[in-house]
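Next up, entry-v2.cif (mmCIF, C-alpha atoms):
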```cif
data_entry
#
loop_
_atom_site.label_atom_id
_atom_site.label_comp_id
_atom_site.auth_asym_id
_atom_site.auth_seq_id
_atom_site.Cartn_x
_atom_site.Cartn_y
_atom_site.Cartn_z
CA GLY A 1 3.75 -22.25 -9.46
CA GLU A 2 4.71 -23.42 -12.91
CA ASN A 3 6.99 -21.25 -15.06
CA VAL A 4 7.41 -21.92 -18.78
CA GLU A 5 10.17 -20.29 -20.79
CA GLN A 6 10.15 -20.31 -24.57
CA HIS A 7 12.88 -19.55 -27.10
CA PRO A 8 13.40 -17.98 -29.52
CA SER A 9 10.91 -15.11 -29.44
CA THR A 10 11.19 -14.67 -33.21
CA LEU A 11 12.32 -17.10 -35.87
CA SER A 12 12.65 -16.68 -39.62
CA VAL A 13 13.35 -19.65 -41.87
CA GLN A 14 13.43 -20.21 -45.59
CA GLU A 15 10.51 -22.08 -47.01
CA GLY A 16 11.27 -25.76 -47.03
CA ASP A 17 13.71 -25.58 -44.14
CA SER A 18 13.01 -26.82 -40.61
CA ALA A 19 12.05 -24.75 -37.58
CA VAL A 20 12.67 -25.65 -33.96
CA ILE A 21 11.15 -23.96 -30.92
CA LYS A 22 12.21 -24.88 -27.40
CA CYS A 23 10.51 -24.62 -24.03
CA THR A 24 11.55 -25.38 -20.48
CA TYR A 25 9.27 -25.83 -17.50
CA SER A 26 9.85 -25.72 -13.78
CA ASP A 27 7.19 -27.93 -12.15
CA SER A 28 8.16 -31.59 -12.20
CA ALA A 29 4.48 -32.46 -11.64
CA SER A 30 3.55 -31.16 -15.11
CA ASN A 31 2.49 -34.02 -17.33
CA TYR A 32 0.80 -32.48 -20.37
CA PHE A 33 2.55 -30.29 -22.91
CA PRO A 34 0.49 -28.87 -25.78
CA TRP A 35 1.63 -26.62 -28.58
CA TYR A 36 -0.64 -23.99 -30.06
CA LYS A 37 -0.57 -21.97 -33.24
CA GLN A 38 -2.22 -18.57 -33.11
CA GLU A 39 -2.90 -16.29 -36.03
CA LEU A 40 -3.53 -12.61 -35.46
CA GLY A 41 -6.82 -11.99 -33.68
CA LYS A 42 -7.75 -15.67 -33.66
CA ARG A 43 -8.05 -18.35 -31.03
CA PRO A 44 -5.09 -20.64 -30.26
CA GLN A 45 -5.25 -23.85 -32.23
CA LEU A 46 -3.85 -27.05 -30.80
CA ILE A 47 -1.36 -28.47 -33.28
CA ILE A 48 0.21 -31.26 -31.25
CA ASP A 49 0.53 -32.33 -27.64
CA ILE A 50 2.56 -34.80 -25.67
CA ARG A 51 2.05 -36.48 -22.35
CA SER A 52 4.77 -37.26 -19.87
CA ASN A 53 4.67 -40.99 -20.51
CA VAL A 54 6.17 -40.62 -24.01
CA GLY A 55 9.32 -38.98 -25.28
CA GLU A 56 8.34 -38.12 -28.83
CA LYS A 57 5.25 -37.69 -30.96
CA LYS A 58 4.95 -36.96 -34.63
CA ASP A 59 2.10 -35.84 -36.86
CA GLN A 60 3.09 -35.39 -40.50
CA ARG A 61 5.45 -32.38 -40.62
CA ILE A 62 5.16 -31.61 -36.92
CA ALA A 63 6.92 -33.39 -34.08
CA VAL A 64 7.38 -32.76 -30.39
CA THR A 65 10.06 -34.18 -28.12
CA LEU A 66 10.03 -34.25 -24.34
CA ASN A 67 12.92 -34.64 -21.92
CA LYS A 68 11.42 -35.03 -18.46
CA THR A 69 14.78 -35.20 -16.75
CA ALA A 70 15.88 -31.87 -18.17
CA LYS A 71 12.33 -30.47 -18.08
CA HIS A 72 12.31 -29.29 -21.62
CA PHE A 73 10.29 -29.98 -24.73
CA SER A 74 10.63 -28.87 -28.31
CA LEU A 75 8.51 -28.36 -31.39
CA HIS A 76 9.93 -29.35 -34.75
CA ILE A 77 8.36 -28.30 -38.02
CA THR A 78 9.86 -29.76 -41.17
CA GLU A 79 9.43 -28.70 -44.80
CA THR A 80 8.04 -25.36 -43.69
CA GLN A 81 5.43 -23.63 -45.79
CA PRO A 82 4.25 -19.99 -45.89
CA GLU A 83 1.04 -20.96 -44.08
CA ASP A 84 3.15 -22.05 -41.11
CA SER A 85 3.82 -18.36 -40.40
CA ALA A 86 2.12 -17.55 -37.08
CA VAL A 87 2.82 -17.23 -33.37
CA TYR A 88 3.44 -20.52 -31.60
CA PHE A 89 2.93 -21.07 -27.89
CA CYS A 90 4.02 -23.96 -25.75
CA ALA A 91 2.20 -24.72 -22.53
CA ALA A 92 2.37 -27.03 -19.56
CA SER A 93 -0.24 -28.45 -17.25
CA THR A 94 -0.74 -31.01 -14.55
CA SER A 95 -3.64 -33.44 -14.66
CA PHE A 96 -3.35 -33.81 -18.41
CA GLY A 97 -4.87 -30.43 -19.22
CA ASN A 98 -7.90 -30.53 -16.99
CA GLU A 99 -5.99 -28.17 -14.77
CA LYS A 100 -4.78 -24.76 -15.81
CA LEU A 101 -2.35 -24.27 -18.65
CA THR A 102 0.74 -22.15 -18.15
CA PHE A 103 1.81 -20.69 -21.46
CA GLY A 104 5.24 -19.83 -22.76
CA THR A 105 5.94 -16.35 -24.05
CA GLY A 106 5.43 -17.25 -27.69
CA THR A 107 7.53 -17.50 -30.85
CA ARG A 108 6.72 -15.50 -33.95
CA LEU A 109 7.61 -17.76 -36.85
CA THR A 110 8.03 -16.23 -40.29
CA ILE A 111 8.51 -18.43 -43.34
CA ILE A 112 10.39 -16.66 -46.10
CA PRO A 113 9.17 -17.72 -49.55
CA GLY B 1 -17.43 -31.49 -32.18
CA ALA B 2 -16.00 -29.66 -29.15
CA VAL B 3 -16.99 -26.16 -30.17
CA VAL B 4 -16.72 -23.20 -27.83
CA SER B 5 -18.29 -19.87 -28.67
CA GLN B 6 -17.91 -16.43 -27.17
CA HIS B 7 -20.16 -13.44 -27.32
CA PRO B 8 -19.63 -10.72 -28.19
CA SER B 9 -16.64 -11.03 -30.50
CA TRP B 10 -15.77 -7.43 -29.90
CA VAL B 11 -17.10 -4.68 -27.64
CA ILE B 12 -16.35 -1.04 -27.03
CA CYS B 13 -17.42 0.47 -23.74
CA LYS B 14 -16.88 3.70 -21.88
CA SER B 15 -14.63 3.95 -18.87
CA GLY B 16 -16.51 3.19 -15.66
CA THR B 17 -19.11 0.93 -17.21
CA SER B 18 -19.37 -2.85 -16.95
CA VAL B 19 -19.32 -5.38 -19.73
CA LYS B 20 -20.29 -9.06 -19.74
CA ILE B 21 -18.66 -11.69 -21.93
CA GLU B 22 -20.27 -15.09 -22.45
CA CYS B 23 -18.51 -18.36 -23.11
CA ARG B 24 -20.54 -21.36 -24.23
CA SER B 25 -19.66 -24.96 -24.95
CA LEU B 26 -21.99 -25.81 -27.80
CA ASP B 27 -21.78 -29.57 -28.09
CA PHE B 28 -20.38 -30.82 -24.82
CA GLN B 29 -20.70 -30.26 -21.11
CA ALA B 30 -17.74 -28.33 -19.79
CA THR B 31 -16.59 -29.53 -16.41
CA THR B 32 -14.14 -26.68 -16.16
CA MET B 33 -13.86 -23.34 -17.89
CA PHE B 34 -10.85 -21.07 -17.96
CA TRP B 35 -10.57 -17.36 -18.67
CA TYR B 36 -7.43 -15.90 -20.20
CA ARG B 37 -6.37 -12.37 -21.05
CA GLN B 38 -3.98 -11.59 -23.87
CA PHE B 39 -2.44 -8.16 -24.43
CA PRO B 40 -1.06 -7.30 -27.88
CA LYS B 41 2.02 -9.32 -28.81
CA GLN B 42 1.97 -11.10 -25.47
CA SER B 43 1.12 -14.55 -24.24
CA LEU B 44 -2.11 -15.82 -22.76
CA MET B 45 -2.31 -15.19 -19.04
CA LEU B 46 -4.76 -17.23 -17.02
CA MET B 47 -7.15 -15.08 -15.01
CA ALA B 48 -9.30 -17.69 -13.32
CA THR B 49 -10.55 -21.24 -13.37
CA SER B 50 -14.18 -22.07 -12.78
CA ASN B 51 -16.02 -25.29 -12.18
CA GLU B 52 -19.76 -25.51 -12.66
CA GLY B 53 -21.62 -24.52 -9.52
CA SER B 54 -18.50 -23.47 -7.64
CA LYS B 55 -16.77 -20.19 -7.03
CA ALA B 56 -14.01 -19.35 -9.46
CA THR B 57 -10.38 -19.69 -8.46
CA TYR B 58 -8.50 -16.54 -9.38
CA GLU B 59 -4.83 -16.29 -10.24
CA GLN B 60 -2.60 -14.15 -8.10
CA GLY B 61 -2.92 -10.50 -9.01
CA VAL B 62 -6.36 -10.79 -10.60
CA GLU B 63 -8.99 -8.78 -8.74
CA LYS B 64 -11.98 -11.03 -8.14
CA ASP B 65 -14.25 -8.08 -7.38
CA LYS B 66 -13.38 -6.49 -10.70
CA PHE B 67 -13.55 -9.60 -12.88
CA LEU B 68 -16.70 -11.44 -11.87
CA ILE B 69 -16.94 -14.99 -13.12
CA ASN B 70 -20.07 -17.08 -13.03
CA HIS B 71 -20.26 -20.69 -14.16
CA ALA B 72 -23.92 -21.41 -13.55
CA SER B 73 -24.29 -24.35 -15.92
CA LEU B 74 -22.18 -26.97 -17.65
CA THR B 75 -22.39 -25.05 -20.92
CA LEU B 76 -22.11 -21.40 -19.91
CA SER B 77 -19.61 -19.24 -18.09
CA THR B 78 -19.64 -15.46 -17.97
CA LEU B 79 -16.95 -12.91 -17.26
CA THR B 80 -18.07 -9.45 -16.19
CA VAL B 81 -15.52 -6.67 -16.21
CA THR B 82 -16.81 -4.14 -13.71
CA SER B 83 -15.94 -0.45 -13.74
CA ALA B 84 -13.81 -0.96 -16.82
CA HIS B 85 -10.82 1.29 -17.46
CA PRO B 86 -8.64 1.71 -20.56
CA GLU B 87 -5.99 -0.60 -19.08
CA ASP B 88 -8.58 -3.41 -19.15
CA SER B 89 -8.60 -3.22 -22.94
CA SER B 90 -7.44 -6.63 -24.08
CA PHE B 91 -8.32 -9.85 -25.87
CA TYR B 92 -10.26 -12.12 -23.52
CA ILE B 93 -10.33 -15.82 -24.40
CA CYS B 94 -12.15 -18.62 -22.65
CA SER B 95 -11.48 -22.32 -22.86
CA ALA B 96 -13.39 -25.35 -21.71
CA SER B 97 -12.52 -28.88 -20.83
CA THR B 98 -14.40 -31.98 -19.79
CA ILE B 99 -13.32 -35.03 -17.88
CA ALA B 100 -15.51 -36.99 -20.22
CA ASN B 101 -12.88 -36.46 -22.91
CA PRO B 102 -9.98 -38.85 -22.31
CA THR B 103 -7.56 -36.45 -23.99
CA TYR B 104 -8.49 -33.67 -21.53
CA GLU B 105 -7.89 -31.16 -24.29
CA GLN B 106 -8.88 -27.57 -23.62
CA TYR B 107 -11.08 -26.12 -26.33
CA PHE B 108 -10.70 -22.41 -26.89
CA GLY B 109 -13.32 -19.86 -27.78
CA PRO B 110 -12.69 -17.33 -30.56
CA GLY B 111 -11.97 -14.53 -28.11
CA THR B 112 -13.55 -11.18 -27.30
CA ARG B 113 -11.72 -7.97 -28.01
CA LEU B 114 -12.58 -5.37 -25.39
CA THR B 115 -11.78 -1.72 -25.95
CA VAL B 116 -12.43 0.71 -23.13
CA THR B 117 -12.53 4.36 -24.13
#
```

Could you write out this file's structure as structure tokens?
Amino acid sequence: GENVEQHPSTLSVQEGDSAVIKCTYSDSASNYFPWYKQELGKRPQLIIDIRSNVGEKKDQRIAVTLNKTAKHFSLHITETQPEDSAVYFCAASTSFGNEKLTFGTGTRLTIIP
Amino acid sequence: GAVVSQHPSWVICKSGTSVKIECRSLDFQATTMFWYRQFPKQSLMLMATSNEGSKATYEQGVEKDKFLINHASLTLSTLTVTSAHPEDSSFYICSASTIANPTYEQYFGPGTRLTVT
């Protein structure tokens, strides 16, 4: 089955700096890669996703890149703000998400004011 | 749109009893529902996938006789934890998706925190 690895497990950055979180996946059939932000005790919130037919997607301060050959994808957050502090999970799925999601282990991001 | 609710939001039960958690899609028909379990400071682990009117597909290592999943309608799935034990204490989250949505996004419920004493 699919295996998703995520690094780093914790990340602290100064407010205003950029944060990068990286994930690798094992199943070449995976074609949907969402990123979720989860605050303590809350549901995961989709912040951005990318499908295998594109290499990069951007939404304001958030961007995701995908390298299908290397089977890795990354989340980039620019101009970080204190409210960006949370746990971030990457995930991978076949069938564009209508099949099960395999989650990474999570990254606890702390923005230092 | 695309709202998923769970009930209850938290529950405390005694060891050996059973507890039922409901997951509802409020404004769409969910073709598929997923149940995840999340232990403190850990990731979401998929327990099972259910399609309306079909038996759930359980992930390896998840006891189907202990975690009963019913997906009787396109808007409701239930997870029953039978003979609960303290090690079943966790955050249970459902999600729902529909093939009617071209983005195929999974919509997550708010989660249910189960504490077994």

May I ask you to extract the residues of chain B within 8 Å of chain A, using all atoms listed in the file, and to give them as a PyMOL selection string?
-> chain B and resi 32+34+42-46+49+93+97-99+103-106+108-111

Who sits within 7 Å of range 61-77 of chain A, only C-alpha atoms, same chain under 4 positions skipped, as number ranges by chain = A: 18-26, 55-57

Go through the shown structure with the PyMOL selection byres ((chain B and resi 6-8) around 7) and write out the matching residues as a PyMOL selection string.
-> chain B and resi 4-5+9-11+21-24+109-112

Please save C-alpha atoms of the selected residues as a PDB file, keeping the file's coordinate frame.
```
ATOM      1  CA  VAL B   4     -16.720 -23.200 -27.830  1.00  0.00           C
ATOM      2  CA  SER B   5     -18.290 -19.870 -28.670  1.00  0.00           C
ATOM      3  CA  SER B   9     -16.640 -11.030 -30.500  1.00  0.00           C
ATOM      4  CA  TRP B  10     -15.770  -7.430 -29.900  1.00  0.00           C
ATOM      5  CA  VAL B  11     -17.100  -4.680 -27.640  1.00  0.00           C
ATOM      6  CA  ILE B  21     -18.660 -11.690 -21.930  1.00  0.00           C
ATOM      7  CA  GLU B  22     -20.270 -15.090 -22.450  1.00  0.00           C
ATOM      8  CA  CYS B  23     -18.510 -18.360 -23.110  1.00  0.00           C
ATOM      9  CA  ARG B  24     -20.540 -21.360 -24.230  1.00  0.00           C
ATOM     10  CA  GLY B 109     -13.320 -19.860 -27.780  1.00  0.00           C
ATOM     11  CA  PRO B 110     -12.690 -17.330 -30.560  1.00  0.00           C
ATOM     12  CA  GLY B 111     -11.970 -14.530 -28.110  1.00  0.00           C
ATOM     13  CA  THR B 112     -13.550 -11.180 -27.300  1.00  0.00           C
TER      14      THR B 112
END
```

Would you kindly translate the PyMOL selection byres ((chain B and resi 79) around 8) into the concrete residues it picks from this file, as number ranges by chain?
-> B: 20-22, 35, 67-70, 77-78, 80-81

Name the residues that the PyMOL selection byres ((chain B and resi 54) around 12) picks from the file above, as number ranges by chain, using the file's chain letters and numbers.
-> B: 31-33, 49-53, 55-57, 69-74, 77

Which value, in Å to one decimal, gives the distance between CA of Ser12 in chain A and CA of Ile111 in chain A?
-> 5.8 Å

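The coordinates place CA of Ser25 in chain B at 6.6 Å from CA of Leu76 in chain B.
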
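The space separating CA of Val54 in chain A from CA of Thr78 in chain A comes to 20.6 Å.
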
Contacts of Gly16 in chain A within 7 Å, all atoms listed in the file, excl. fewer than 6 positions in-chain, as an MDAnalysis selection string = chainID A and resid 79:81

Kindly provide, as AutoDock Vina command-line options, the centre and edge lengths (Å, one decimal) of an axis-aligned box around all atoms of range 31-40 of chain A given in the file, with 3 Å on each side.
```
--center_x -0.5 --center_y -23.3 --center_z -26.7 --size_x 12.1 --size_y 27.4 --size_z 24.7
```

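Using only C-alpha atoms, the shortest contact distance between Gln38 in chain A and any of B:Gln38, B:Ala30, B:Lys14, B:Tyr58 is found at B:Gln38.
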